[in-house]
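Below: work05.txt (compact mmCIF, C-alpha atoms)
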```txt
# COMPACT_ATOMS: atom_id res chain seq x y z
CA MET A 19 7.15 -8.76 -2.78
CA HIS A 20 4.64 -5.98 -3.30
CA ALA A 21 1.04 -6.91 -4.07
CA THR A 22 1.18 -5.19 -7.47
CA ALA A 23 3.91 -7.65 -8.54
CA PHE A 24 2.07 -10.64 -7.05
CA LEU A 25 -1.16 -9.77 -8.86
CA LYS A 26 0.60 -9.79 -12.24
CA GLN A 27 1.86 -13.38 -11.89
CA PRO A 28 0.09 -15.05 -8.96
CA GLU A 29 0.52 -18.53 -10.39
CA LYS A 30 4.26 -18.32 -9.66
CA HIS A 31 3.77 -17.76 -5.95
CA VAL A 32 0.61 -19.39 -4.61
CA GLY A 33 2.15 -22.83 -4.06
CA THR A 34 3.56 -21.82 -0.68
CA ALA A 35 2.01 -23.23 2.51
CA CYS A 36 2.42 -20.04 4.59
CA MET A 37 1.58 -16.51 3.45
CA VAL A 38 1.62 -13.11 5.13
CA LEU A 39 -0.28 -10.07 3.85
CA SER A 40 0.92 -6.89 5.51
CA GLY A 41 -0.04 -3.23 5.19
CA SER A 42 -3.13 -1.04 5.25
CA GLU A 43 -4.28 -0.97 1.62
CA ALA A 44 -7.53 -2.94 1.89
CA HIS A 45 -8.23 -3.14 -1.84
CA LEU A 46 -4.87 -4.80 -2.51
CA LYS A 47 -5.39 -7.27 0.33
CA GLN A 48 -8.83 -8.18 -1.00
CA SER A 49 -7.46 -8.66 -4.51
CA VAL A 50 -4.59 -10.88 -3.32
CA GLU A 51 -6.86 -12.95 -1.06
CA ALA A 52 -9.37 -13.46 -3.87
CA LEU A 53 -6.65 -14.83 -6.15
CA VAL A 54 -5.25 -17.06 -3.42
CA ARG A 55 -8.75 -18.46 -2.81
CA ARG A 56 -9.18 -19.18 -6.50
CA PHE A 57 -5.82 -20.86 -6.95
CA VAL A 58 -6.03 -22.91 -3.75
CA LEU A 59 -9.73 -23.83 -3.74
CA GLY A 60 -10.88 -23.34 -7.32
CA ASP A 61 -14.04 -21.67 -8.61
CA GLY A 62 -16.66 -24.33 -7.95
CA ASP A 63 -19.82 -23.91 -5.88
CA GLU A 64 -18.20 -25.77 -2.99
CA ALA A 65 -14.91 -23.83 -3.07
CA ASP A 66 -15.67 -21.81 0.06
CA LEU A 67 -16.22 -25.00 2.04
CA GLY A 68 -12.45 -25.45 2.03
CA ALA A 69 -11.82 -22.09 3.72
CA SER A 70 -11.82 -21.21 7.41
CA GLU A 71 -11.47 -17.67 8.79
CA PHE A 72 -10.52 -16.50 12.27
CA ASN A 73 -10.32 -13.17 14.06
CA GLY A 74 -6.74 -12.77 15.24
CA ARG A 75 -7.70 -11.16 18.52
CA ASP A 76 -9.72 -14.20 19.60
CA ALA A 77 -8.10 -17.10 17.76
CA ASP A 78 -5.95 -19.66 19.56
CA TRP A 79 -3.23 -21.69 17.89
CA ARG A 80 -4.70 -25.10 18.71
CA THR A 81 -7.95 -24.32 16.88
CA VAL A 82 -6.15 -22.83 13.90
CA HIS A 83 -3.75 -25.78 13.77
CA ASP A 84 -6.64 -28.26 13.89
CA GLU A 85 -8.15 -26.57 10.83
CA LEU A 86 -4.82 -26.69 9.01
CA MET A 87 -4.51 -30.41 9.65
CA THR A 88 -8.13 -31.29 8.80
CA VAL A 89 -8.85 -32.74 5.38
CA SER A 90 -12.10 -31.46 3.90
CA MET A 91 -14.59 -33.90 2.38
CA PHE A 92 -15.23 -31.37 -0.38
CA GLN A 93 -11.73 -30.06 -1.18
CA ASP A 94 -8.27 -31.55 -1.64
CA ARG A 95 -6.75 -28.46 -0.05
CA ARG A 96 -7.66 -26.05 2.73
CA LEU A 97 -7.20 -22.31 3.15
CA VAL A 98 -7.01 -21.02 6.73
CA ILE A 99 -7.09 -17.22 7.12
CA VAL A 100 -6.36 -15.30 10.31
CA ASN A 101 -7.60 -11.71 9.90
CA GLY A 102 -6.18 -8.93 12.05
CA ALA A 103 -3.43 -11.34 13.01
CA ASP A 104 -0.96 -8.94 14.67
CA ASP A 105 -1.82 -10.08 18.20
CA PHE A 106 -2.06 -13.72 17.07
CA VAL A 107 1.46 -13.55 15.63
CA SER A 108 2.83 -11.91 18.77
CA LYS A 109 1.31 -14.57 21.05
CA ASN A 110 2.31 -17.54 18.89
CA ARG A 111 5.58 -16.45 17.31
CA GLY A 112 7.64 -19.46 18.43
CA THR A 113 4.92 -21.92 17.47
CA LEU A 114 4.52 -20.29 14.06
CA GLU A 115 8.28 -20.48 13.51
CA ARG A 116 8.16 -24.23 14.05
CA TYR A 117 5.06 -24.63 11.88
CA VAL A 118 6.64 -22.78 8.95
CA GLU A 119 9.49 -25.32 9.03
CA GLN A 120 7.08 -28.27 8.78
CA PRO A 121 3.70 -27.06 7.53
CA SER A 122 0.76 -29.10 6.35
CA ARG A 123 1.21 -29.66 2.62
CA GLN A 124 -2.54 -29.81 2.08
CA SER A 125 -3.26 -26.41 3.60
CA VAL A 126 -2.35 -22.77 3.13
CA LEU A 127 -2.07 -20.54 6.20
CA LEU A 128 -2.67 -16.87 5.40
CA LEU A 129 -1.91 -14.28 8.08
CA ASP A 130 -3.37 -10.81 7.50
CA VAL A 131 -1.41 -8.28 9.56
CA LYS A 132 -1.08 -4.52 9.62
CA THR A 133 2.63 -4.40 10.47
CA TRP A 134 5.38 -6.90 9.72
CA ARG A 135 8.96 -6.58 10.94
CA SER A 136 11.30 -8.08 8.39
CA ASN A 137 14.18 -8.57 10.85
CA THR A 138 12.42 -11.14 13.07
CA LYS A 139 13.18 -14.86 12.98
CA LEU A 140 9.61 -15.59 11.84
CA ALA A 141 9.85 -13.10 8.98
CA LYS A 142 13.11 -14.67 7.80
CA LYS A 143 11.57 -18.15 7.91
CA ILE A 144 8.57 -16.89 5.91
CA ASP A 145 10.93 -15.34 3.35
CA ALA A 146 12.77 -18.65 3.04
CA ALA A 147 9.86 -21.10 2.99
CA GLY A 148 6.71 -19.02 2.50
CA LEU A 149 5.68 -15.70 0.99
CA HIS A 150 5.27 -12.17 2.32
CA VAL A 151 3.07 -9.90 0.20
CA GLU A 152 3.26 -6.21 1.04
CA CYS A 153 -0.05 -4.40 0.62
CA SER A 154 1.07 -0.86 1.33
CA GLU A 155 -0.49 2.29 -0.10
CA LEU A 156 0.68 3.47 -3.50
CA GLY A 157 1.82 6.94 -4.42
CA GLY A 158 3.55 8.86 -7.18
CA SER A 159 4.39 7.00 -10.37
CA ALA A 160 3.43 3.63 -8.82
CA LEU A 161 -0.12 4.88 -8.25
CA LEU A 162 -0.41 6.27 -11.77
CA LYS A 163 0.85 2.99 -13.21
CA TRP A 164 -1.71 1.07 -11.13
CA LEU A 165 -4.50 3.32 -12.45
CA THR A 166 -3.55 2.86 -16.11
CA ASP A 167 -2.94 -0.89 -15.72
CA HIS A 168 -6.18 -1.40 -13.78
CA ALA A 169 -8.22 0.59 -16.31
CA ALA A 170 -6.90 -1.65 -19.10
CA ALA A 171 -7.13 -4.98 -17.28
CA GLU A 172 -10.49 -4.53 -15.56
CA TYR A 173 -12.38 -2.21 -17.89
CA GLY A 174 -10.61 -2.47 -21.27
CA LYS A 175 -9.94 1.26 -21.37
CA GLN A 176 -6.87 3.35 -22.11
CA LEU A 177 -6.35 5.92 -19.36
CA SER A 178 -3.94 8.68 -20.28
CA ARG A 179 -1.25 9.55 -17.74
CA ASP A 180 -2.67 13.07 -17.33
CA ALA A 181 -6.13 11.62 -16.78
CA ALA A 182 -4.73 9.19 -14.21
CA ALA A 183 -2.96 12.02 -12.37
CA LEU A 184 -6.14 14.12 -12.30
CA THR A 185 -8.22 11.16 -11.08
CA ALA A 186 -5.85 10.64 -8.17
CA GLU A 187 -5.80 14.35 -7.42
CA LEU A 188 -9.59 14.55 -7.29
CA ALA A 189 -10.45 11.19 -5.72
CA GLY A 190 -7.44 10.53 -3.45
CA THR A 191 -5.13 7.55 -3.24
CA GLY A 192 -7.46 4.85 -1.85
CA LEU A 193 -7.51 2.07 -4.44
CA GLY A 194 -11.03 0.96 -3.57
CA LEU A 195 -12.42 4.42 -4.29
CA LEU A 196 -10.26 4.79 -7.40
CA ASP A 197 -11.59 1.49 -8.70
CA GLN A 198 -15.13 2.82 -8.27
CA GLU A 199 -14.20 5.99 -10.18
CA LEU A 200 -12.70 3.94 -13.01
CA ALA A 201 -15.88 1.87 -13.21
CA LYS A 202 -17.95 5.04 -13.50
CA LEU A 203 -15.59 6.53 -16.07
CA SER A 204 -15.70 3.35 -18.13
CA ALA A 205 -19.49 3.46 -18.21
CA TYR A 206 -19.41 7.20 -18.93
CA VAL A 207 -17.23 6.95 -22.06
CA GLY A 208 -19.23 3.99 -23.37
CA ASP A 209 -17.74 2.49 -26.54
CA ARG A 210 -14.80 4.88 -26.60
CA GLU A 211 -11.52 3.12 -25.84
CA ARG A 212 -9.79 6.09 -24.24
CA ILE A 213 -10.55 7.97 -21.03
CA GLY A 214 -9.17 11.51 -21.19
CA VAL A 215 -8.69 14.47 -18.90
CA ASP A 216 -11.99 16.04 -19.96
CA ASP A 217 -13.87 12.88 -19.00
CA VAL A 218 -12.27 12.88 -15.56
CA ARG A 219 -12.93 16.57 -15.09
CA ALA A 220 -16.58 16.13 -16.07
CA LEU A 221 -17.33 13.04 -13.97
CA VAL A 222 -14.90 12.88 -11.06
CA GLY A 223 -14.52 16.63 -10.74
CA GLY A 224 -18.29 17.05 -10.87
```
Entire entry expressed as structure tokens:
Amino acid sequence: MHATAFLKQPEKHVGTACMVLSGSEAHLKQSVEALVRRFVLGDGDEADLGASEFNGRDADWRTVHDELMTVSMFQDRRLVIVNGADDFVSKNRGTLERYVEQPSRQSVLLLDVKTWRSNTKLAKKIDAAGLHVECSELGGSALLKWLTDHAAAEYGKQLSRDAAALTAELAGTGLGLLDQELAKLSAYVGDRERIGVDDVRALVGG
């Protein structure tokens, strides 16, 4: 599943105990992780107390597993995130395969990797019992659709297709930077509902 599909209906998919985020589009990964945090841990002041994060280059399975099996005094569920988990997955592939078959039902394990081979045994087990969210870069019509959808959802603005195409042409395809440009454009047009080509040319082009 691509992140753009996940972000539209996250409530359908966040019940899984094992998740993989793959790809290099940082803005999509941040958006998916934020929603997972909210659905798993809630929005309260003590929500972050139920989350643990590890660097995949240094993390060992025993420590990560201990966190997955630990019940927090402040949360009913736990979220354990391994960032940069490519090396971690390579070193613990067999152990992860067994864990996916019998995971902790009170915890969510989220592995953030750059590359993910779909033909491995672990990937197939994740597809069957967990969730793989692809956070790859967008281009072409998918990028333009993201721009128009994001402008409406986040800023309440209508972004014409021509304006979206010009924004991408001038600012590039990085979603984090494009989000910043949409924020500026939204402020620039003020009470107007529509962002047009002239607005993009004046602000982004300038």
Inset, instruction - For A:Leu195, work out the shell of residues within 12 Å, counting all atoms listed in the file and skipping chain neighbours fewer than 6 positions away, then give it as a PyMOL selection string. - result: chain A and resi 43-45+165+185-186+188-189+201-202+222
Write out as a Markdown table the residues of stretch 102-170 of chain A that have any atom within 10 Å of an atom of stretch 204-218 of chain A, one row each with the nearest atom pair and its distance in Å to one decimal, counting all atoms listed in the file, sorted by chain and then rising number.
```
| residue | atom | partner | partner_atom | distance |
| --- | --- | --- | --- | --- |
| A:Thr166 | CA | A:Ile213 | CA | 10.0 |
| A:Ala169 | CA | A:Ser204 | CA | 8.2 |
| A:Ala170 | CA | A:Glu211 | CA | 9.5 |
```
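Look at A:Ser49: the protein and nucleic acid residues within 12 Å of it, using all atoms listed in the file and passing over chain neighbours fewer than 6 places away, are Ala21, Thr22, Phe24, Leu25, Lys26, Pro28, Leu39, Glu43, Arg55, Arg56, Val151, Cys153, His168, Leu193, Gly194 and Asp197 of chain A.
The neighbours of stretch 71-78 of chain A here are the residues that come within 8 Å of it, using only C-alpha atoms and leaving out any residue fewer than 3 positions away in the same chain; they are Thr81, Val82, Val98, Ile99, Val100, Asn101, Gly102, Ala103, Asp104, Asp105 and Phe106 of chain A.
Restricting the calculation to all atoms listed in the file, the smallest distance between A:Trp134 and any of A:Ala35, A:Glu152, A:Tyr117, A:Asp61 is found for A:Glu152.
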Legend entry - Selected residue, from A:Leu53, A:Ser108, A:Ser125, A:Glu155, that lies nearest to A:Glu85 when counting all atoms listed in the file: A:Ser125
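Atom CA of A:Gly148 sits 18.2 Å away from atom CA of A:Leu59.
Proximity of A:Gln176, A:Ser122, A:Asn110, A:Ser159 to A:Asp84, computed with only C-alpha atoms, is greatest for A:Ser122.
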Inset, instruction - Tell me which of A:Gln124, A:Val89, A:Gln27, A:Leu97 sits closest to A:Val54, counting all atoms listed in the file. - result: A:Leu97
Inset, instruction - For atom CA of A:Ala182 and atom CA of A:His20, quote the distance in Å rounded to one decimal. - result: 20.9 Å
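One finds atom CA of A:Ala160 at 23.8 Å from atom CA of A:Asp145.
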Legend entry - Sel. within 7 Å of pt (-3.5, -13.8, 2.1), counting only C-alpha atoms, output as number ranges by chain: A: 37-39, 50-51, 54, 128-130
